[in-house]
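S.K.: Dropping the structure in here first, questions after.
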Amino acid sequence: MALKRRNRVEATFSMSSMTDLIFLLLLFFVMASTMSRPNDIKINLPQSRAKTNTKQVVAKVFIDNLGNYSVALGREKPVLIDADDLELYLSSVQQQDSTMYIALHADQDIAYKEVVHVLDIAHQHKMKMVIATKK
């Protein structure tokens, strides 16, 4: 009596190990991308074509084409200030009211590091800053 075996060899591929590997890689990249945060300075940039007014712009910082700093409160006339005293001035303005916005009026021909210096001071003290542009 000849018995035949009924074990058939199927030509299939198990995808479960491949999907496990894909999900593991996906999880790795999601975790790696959320852990790396670039050092951004978060500011509110007004649109140059729209007529938008920020609320409570009380302090204004001016940087002219020579790199001189000037400050003004409200509608007062700007007063010349040293770069070293700028941080003290901005911190005193923030202590008065932390919901105030500070407008930065910078000349387009100055070095970029001057603007970043002011933005860095604002970021350190967690101030709300707006960069002024032309219409």
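We label chains A, B, ... in the order they appear in the structure tokens, count residues from 1 in each chain, and number ligands from 1 in the order shown.
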Identify, on the basis of only C-alpha atoms, every residue whose closest approach to Leu104 (chain A) does not exceed 7 Å; exclude the query and any residue fewer than 2 positions from it along the same chain; express the result as a list in words.

M.R.: Lys60, Val61, Phe62, Ile102, Ala106, Val130, Ile131 and Ala132 of chain A

S.K.: Just write the chosen residues, N, CA and C atoms, as an mmCIF file, in the first residue's frame.

M.R.:
data_model
loop_
_atom_site.group_PDB
_atom_site.id
_atom_site.type_symbol
_atom_site.label_atom_id
_atom_site.label_comp_id
_atom_site.auth_asym_id
_atom_site.auth_seq_id
_atom_site.Cartn_x
_atom_site.Cartn_y
_atom_site.Cartn_z
ATOM 1 N N LYS A 60 9.226 100.640 20.756
ATOM 2 C CA LYS A 60 9.777 100.531 19.407
ATOM 3 C C LYS A 60 11.293 100.579 19.507
ATOM 4 N N VAL A 61 11.942 99.695 18.752
ATOM 5 C CA VAL A 61 13.394 99.668 18.674
ATOM 6 C C VAL A 61 13.770 99.987 17.235
ATOM 7 N N PHE A 62 14.627 100.990 17.065
ATOM 8 C CA PHE A 62 15.080 101.400 15.735
ATOM 9 C C PHE A 62 16.560 101.090 15.594
ATOM 10 N N ILE A 102 6.722 94.483 21.001
ATOM 11 C CA ILE A 102 7.827 95.392 20.734
ATOM 12 C C ILE A 102 8.075 95.377 19.236
ATOM 13 N N ALA A 106 14.186 98.070 11.511
ATOM 14 C CA ALA A 106 15.592 97.936 11.142
ATOM 15 C C ALA A 106 15.789 98.361 9.696
ATOM 16 N N VAL A 130 7.616 92.136 16.922
ATOM 17 C CA VAL A 130 7.107 92.284 15.573
ATOM 18 C C VAL A 130 8.165 93.013 14.763
ATOM 19 N N ILE A 131 8.419 92.522 13.543
ATOM 20 C CA ILE A 131 9.347 93.210 12.644
ATOM 21 C C ILE A 131 8.532 94.103 11.726
ATOM 22 N N ALA A 132 8.839 95.375 11.730
ATOM 23 C CA ALA A 132 8.093 96.336 10.917
ATOM 24 C C ALA A 132 8.622 96.303 9.488
#

S.K.: Considering only C-alpha atoms, return as a ChimeraX atom specification whatever protein or nucleic-acid residues lie within 12 Å of Tyr89 (chain A), sequence-local ones (same chain, fewer than 4 positions apart) excluded.

M.R.: /A:59-61,69-73,79-85,93-96,102,118,121-122,125

S.K.: Work out how far CA of Ile63 (chain A) is from CA of Tyr112 (chain A), in Å to one decimal.

M.R.: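 Atom-to-atom, CA of Tyr112 (chain A) to CA of Ile63 (chain A), that is 11.1 Å.
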
S.K.: Nearest to Ile110 (chain A): which of A:Asp64, A:Glu76, A:Asp20, A:Glu10 is it, counting only C-alpha atoms?

M.R.: A:Asp64

S.K.: State, in Å with one decimal place, the distance from CA of Leu88 (chain A) to CA of Lys126 (chain A).

M.R.: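 Computed distance, CA of Leu88 (chain A) to CA of Lys126 (chain A), equals 14.0 Å.
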
S.K.: One number please: CA of Ala111 (chain A) to CA of Leu86 (chain A), in Å, one decimal.

M.R.: 17.4 Å

S.K.: Using only C-alpha atoms, find the one residue out of A:Val58, A:Asn7, A:Leu24, A:Phe13 that sits nearest to Arg75 (chain A).

M.R.: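 Among A:Val58, A:Asn7, A:Leu24, A:Phe13, it is A:Val58 that comes nearest to Arg75 (chain A).
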